[in-house]
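Enquirer: The structure's right below; bear with me while I get my questions together.
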Amino acid sequence: MKLAHALAFVALAASPAFAAQSDPTLPNEKYVLENGLEVILHQDRRVPLVAVSVWYHVGSGDETPGKSGFAHLFEHMMFQGSVHTGEDVHFELLRKAGASTVNGSTNPDRTNYFEVVPSHQLETALWLESDRMGYMLPLLNDKSFANQRDVVRNERRQNYDNVPYGKERFSVNEALYPEGHPYRYLTIGRHEDLQNAATSDVRAFFSTWYVPANATIVIGGDFDTEEAKKLVRKWFGSFPKTAKPAHRDVPTPALTGGPKKTTVEDPFAKLRRLHWAWHSPASFEAGDAELDLLASTLGNAGTGRLYKILVHEKQLAQSVSAYQASSGISSSFHVVVDLKSDADQAEVERILDEEIAKVTKEPITDRELKRAVTQYESGYVWGLEALLSRVETLQLYNHHLAKPDAVTTDLDRYRQATAAGIRDVAAAWLGKEKRIEVTTIPGGGK
Amino acid sequence: MKKLLSLLLVAAAAACAPAAKPSGAAKPVATATAKVAAAATPVPFPEEPFRKQQPAPGAIKSFAQPPLTRFTLANGIQVFLVESHELPTVSMQLVFDGGSAADPKGKEGLATMCMGLVSDGTEKLDKIAFSEALADLASSIGSYAGVDEQAVTLASLTKNLDPTLDLFADTVLRPGMRADEFDRTVKRRLESLKQIKASPAGIAGRVGGAIAYGDAHAYGRIWTEESTKAIKVSECKEYLKSWLQPANARLYVVGDVTKKDIEEKFGKRFASWKGKPKRPPQIGAPKPRSGKIFFVDVPGAPQSVVRVMHLGPKRQAEDFVENSLLASILGGGFASRINMNIREAKGWAYGAYGGFSYGRDFGLFSAGGSIRADATVDAIKEILGEIKKIKTEEVTVGELQREQDGAILSLPAQWATGGQVLQSYKSLVYYGLPLDWWSGYVPKVKAVTVGDVKAAAEAHLEDDYQILVVGDAATVLPKLSELGPVTRLDADAKQVK
């Protein structure tokens, strides 16, 4: 396992303040087929594996009112079969081919499909991906659709309805986003919308969004570049050209007159939870990285300001967390605190209010800033070891920045952040009047 | 963002122009490609005969399990090293005998609490100062107790290994074990227990072992509010003296270091460390609780957590490979019978499974899933039906071939990173298997026949099983009672009316 050129560490000259830093790189070749399908090749010949990932640039953020959860339900249907491969044999075929990871996922911005296979099975992965890109609808049937509707509703039960604090996740988004906004009902969606979905919706969604011009395929791992190009051309090259579908305009939500308060009763929850949230800058927009750094400074276990006060010193909280949830249309910034059973809720709220007001007025310390940046930098080193992580990172940067290897560009956002800049971003977005507060209290029916 | 994104796309399209027409550009075809079709109008995709067949695979490339370096340090610590210099990182696990199997009766949870406290600060640094020192280095140090093994762990960038090892040595040799931090641990665990006892998955995890292994068994004992409150910080200090000793300790290392680095950097810091731990706790044979069907009520639960369980073969069994293939076909992956039935045919769950898991000296069969409440009992019947069927009828050659091919061809993925390789060796050490165990694996897998799978099913799938259901009594109990007498339990596995 000698180092190929796949994950080289190069000296970085672009960032004078951290001139000695070196960043991981993700060497790749990107090109576009005539039909608009983007292709990105990332060669790494150390282990005889290839990872194939297809991103369709459509997600739950493209859903229309009454169709919540549909992008994800659709994702399930993409595993149900296509003309040349057969019905519901995707996993079976890939298991026999020696696949180690096979899955898909949906978020507000995109839907992805991926598999890691032994490198001699690259063409089978391309056969499966091309077949569902082109020939999925003829096999669509009511029985299989009704089955996956049930499966997805069970997924919601398992991950949201039958666990503590599942309810408040819906309440937070309902407080942040008005009726009609595609983020309002989470990616998993409402039971009634899922139940009302029909095969006609699948046809319309497929024809609109699942066109080659709206997709990007990344192949990573052990392949011969010319051979891989030939195979991509064979399986995808003859597909028709369409326009790239346009995303609808969603007005950026804003809140005024807050804090807007909601209380949720949760029979599975035994500790009260305070969940505060604000709208914040979209993925990769100015302020997005600053809020990541602020979240670490506030919430990290052991070192975060809120952790130190609420969990450690005063023992009012069982746990705290803070995070910037980045998304394509707009993001949200969150602070979540689980209270000790005997804690005075008003005192915790007063401390939260003070600590958040403080970071909107005073810069964080140099040590806090440096620590947060260091954590992000090292996270990239650890996080890019697995082949599939590298492939998905290429997809992410390509989606948001149209540049597959943007590791340094991305890290520079953090390295160039200043304590004063973080304070200014906090002041612009984390005002009390722009805040929603969802409080979970134990109890109530299911 | 919308505006920004489209601007970026335009810019990128321009920037990518030279690469946009490589040799991979699409071949023009006769149909429909000349014009840009309007979105939402289905566009015809070409009919091409080659699509009807799964492509023939290329030549399989061989890939051997990457090598392990073994050596022993002067103070008796055995080192297992997998060098991996691709990333500038190092991970270590210093593993000791001991664990919750050694918990005194009435003090269940002692090992977990005491070992957790080990990485909550050193004699010099309290928890917060310790956390900050690590965070400034982007390093982490952790500690945990399992049932019969426990460890202190480290992860560091290579460039920060020296200062991280200083903190690591302090953690192992001079842990803080402060009374105030112990007090925080007790309170935190009591609060988390409330939450564990309120969720169906938490309850199933808690009481499942008490049923399958028995209340008194190391894998079945349950920590409670009372047992947590009974533990004292002085007992934790005693515990560490008894168990965190170098004789018979194992150091597992993966990453950007060499044998020489370990001997020097680790050896130097632990040079004067001497001592022997207590004898490892003996874990006896499990004694399942008497009774067949167990139920814990979570009023209003929309799904039931279901487990069908019985004791199973050991990891060291001669027919381990046959048992693995049997489990894969029955309930191991997406394409397995139980999942295809419960999820894909019936739509009763997001997923369902079945298979064997292993303690050091015994095994357990378990099958189940999180099942829609009103389908709970039907799902149990289907799972039992699948178990019965695989015992009485041979599996198909296609099923066996799929799992044989899958098991063999996915080996490179199991060893793709240094961390995975090390974990694989660690598992062999844990079970007392030879370190070259995998070298005999492929021929063993290839040799298995459908008759062997049936023999494994007959030998290891029992008619005498136990069922645990955690769910809503009003929905589930009437039908569940039709299967036989039901023992109702609370979230501490105590029988209730």
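For the structure tokens, the naming scheme is as follows: chains receive sequential letters (A, B, ...) according to their order of presentation, residues are indexed from 1 within each chain, and ligands are indexed from 1 in presentation order.
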Restrict the distance test to only C-alpha atoms, flag each residue of chain A within 6 Å of chain B, and return the flagged residues as a ChimeraX atom specification.

Expert: /A:3,31-34,84,91-92,95-96,98,100,120-121,124,147,150-151,154-155,163,207-208,229,233,237-243,268,270,302-303,329,371,375,402,446

Enquirer: Leaving out Gln316 in chain B and any residue of its chain fewer than 6 positions from it, which residues lie within 9 Å of it when counting only C-alpha atoms, given as number ranges by chain?

Expert: B: 360-362, 431-433

Enquirer: Could you tell me, as number ranges by chain, which residues of range 1-169 of chain A DSSP assigns to helix (DSSP H, G or I) when given the backbone?

Expert: A: 16-18, 60-62, 70-77, 90-96, 119-134, 137-139, 142-161, 166-169

Enquirer: Running DSSP on the backbone, which parts of range 45-194 of chain A land in strand (DSSP E or B), as a list in words?

Expert: Leu49, Val50, Ala51, Val52, Ser53, Val54, Trp55, Tyr56, Gly81, Ser82, Gly86, Glu87, Thr101, Val102, Asn103, Gly104, Ser105, Thr106, Thr111, Asn112, Tyr113, Phe114, Glu115, Val116, Val117 and Pro118 of chain A

Enquirer: I want to know what sits within 6 Å of Gly214 in chain B, based on only C-alpha atoms, with residues of the same chain fewer than 4 positions away left out; could you give that as a list in words?

Expert: Ala210, Gly220, Lys287, Pro288 and Arg289 of chain B

Enquirer: Skip range 347-362 of chain A itself and residues of its chain fewer than 5 positions away, then list as number ranges by chain all residues within 7 Å of it, counting only C-alpha atoms.

Expert: A: 423-424, 426-427

Enquirer: Create the file for the chosen residues now, containing all heavy atoms and written as an mmCIF file, in the first residue's frame.

Expert:
```cif
data_model
loop_
_atom_site.group_PDB
_atom_site.id
_atom_site.type_symbol
_atom_site.label_atom_id
_atom_site.label_comp_id
_atom_site.auth_asym_id
_atom_site.auth_seq_id
_atom_site.Cartn_x
_atom_site.Cartn_y
_atom_site.Cartn_z
ATOM 1 N N ARG A 423 -17.790 37.465 15.070
ATOM 2 C CA ARG A 423 -18.700 38.313 15.860
ATOM 3 C C ARG A 423 -19.698 39.025 14.939
ATOM 4 O O ARG A 423 -20.901 39.054 15.217
ATOM 5 C CB ARG A 423 -17.893 39.356 16.636
ATOM 6 C CG ARG A 423 -18.763 40.352 17.417
ATOM 7 C CD ARG A 423 -17.993 41.619 17.732
ATOM 8 N NE ARG A 423 -17.512 42.244 16.503
ATOM 9 C CZ ARG A 423 -16.490 43.095 16.431
ATOM 10 N NH1 ARG A 423 -15.839 43.427 17.523
ATOM 11 N NH2 ARG A 423 -16.123 43.619 15.273
ATOM 12 N N ASP A 424 -19.219 39.535 13.815
ATOM 13 C CA ASP A 424 -20.110 40.269 12.904
ATOM 14 C C ASP A 424 -21.171 39.354 12.291
ATOM 15 O O ASP A 424 -22.330 39.746 12.148
ATOM 16 C CB ASP A 424 -19.290 40.948 11.800
ATOM 17 C CG ASP A 424 -18.374 42.043 12.357
ATOM 18 O OD1 ASP A 424 -18.593 42.446 13.531
ATOM 19 O OD2 ASP A 424 -17.449 42.466 11.636
ATOM 20 N N ALA A 426 -22.304 36.601 13.658
ATOM 21 C CA ALA A 426 -23.233 36.290 14.752
ATOM 22 C C ALA A 426 -24.201 37.451 14.970
ATOM 23 O O ALA A 426 -25.410 37.248 15.144
ATOM 24 C CB ALA A 426 -22.455 35.985 16.034
ATOM 25 N N ALA A 427 -23.661 38.679 14.918
ATOM 26 C CA ALA A 427 -24.519 39.849 15.136
ATOM 27 C C ALA A 427 -25.571 39.968 14.029
ATOM 28 O O ALA A 427 -26.719 40.339 14.274
ATOM 29 C CB ALA A 427 -23.667 41.116 15.203
#
```

Enquirer: Residues near Gln195 in chain A, anyone? I mean within 12 Å using only C-alpha atoms, not counting same-chain ones fewer than 3 positions away, as a PyMOL selection string.

Expert: chain A and resi 66-70+73+145-154+189-192+198-199

Enquirer: I'd like the contact shell of Pro259 in chain A - 7 Å cut-off, only C-alpha atoms, skipping same-chain residues fewer than 5 positions apart - returned as an MDAnalysis selection string.

Expert: chainID A and resid 432:437

Enquirer: Excluding Ala179 in chain B and any residue of its chain fewer than 3 positions from it, enumerate the residues within 10 Å of it, using only C-alpha atoms, and give them as a PyMOL selection string.

Expert: chain B and resi 176+182-185+232-234

Enquirer: Any chance you could export the current selection's C-alpha atoms as a compact mmCIF listing (two decimals), in the first residue's frame?

Expert:
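The resulting part.txt:
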```txt
# COMPACT_ATOMS: atom_id res chain seq x y z
CA GLY B 176 -7.08 12.33 37.78
CA PHE B 182 -16.84 11.02 39.64
CA ASP B 183 -19.88 12.76 41.09
CA ARG B 184 -20.66 14.27 37.68
CA THR B 185 -20.37 10.81 36.12
CA LYS B 232 -17.61 4.88 45.26
CA VAL B 233 -14.67 6.73 43.75
CA SER B 234 -12.31 4.81 46.05
```

Enquirer: Given only C-alpha atoms as the basis, pick out the residue of B:Asp297, B:Glu394, B:Asp378, B:Asp452 nearest to Ile203 in chain B.

Expert: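 Answer, going by the shortest atom-to-atom distance: B:Asp297.
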
Enquirer: Please, what distance in Å, to one decimal, runs between CA of Thr228 in chain B and CA of Lys107 in chain B?

Expert: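 Taking CA of Thr228 in chain B as the start and CA of Lys107 in chain B as the end point, the length is 6.5 Å.
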
Enquirer: Let me make sure I understand: among B:Leu94, B:Val469, B:Arg174, B:Asp492, which one has the smallest atom-to-atom distance to Val254 in chain B if we use only C-alpha atoms?

Expert: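 Among the listed residues, the smallest separation from Val254 in chain B belongs to B:Leu94.
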
Enquirer: Pick out the closest residue to Pro281 in chain A from this set: A:Leu388, A:Leu310, A:Ala428, A:Ala99. Count only C-alpha atoms.

Expert: A:Ala428

Enquirer: Closest to Asn35 in chain A among A:Gly61, A:Asp23, A:His72, A:Phe236, using only C-alpha atoms?

Expert: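 Residue with the minimum atom-to-atom distance to Asn35 in chain A: A:Phe236.
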
Enquirer: Please measure the separation of CA of Ala352 in chain B and CA of Tyr465 in chain B, giving the value in Å to one decimal.

Expert: 17.6 Å
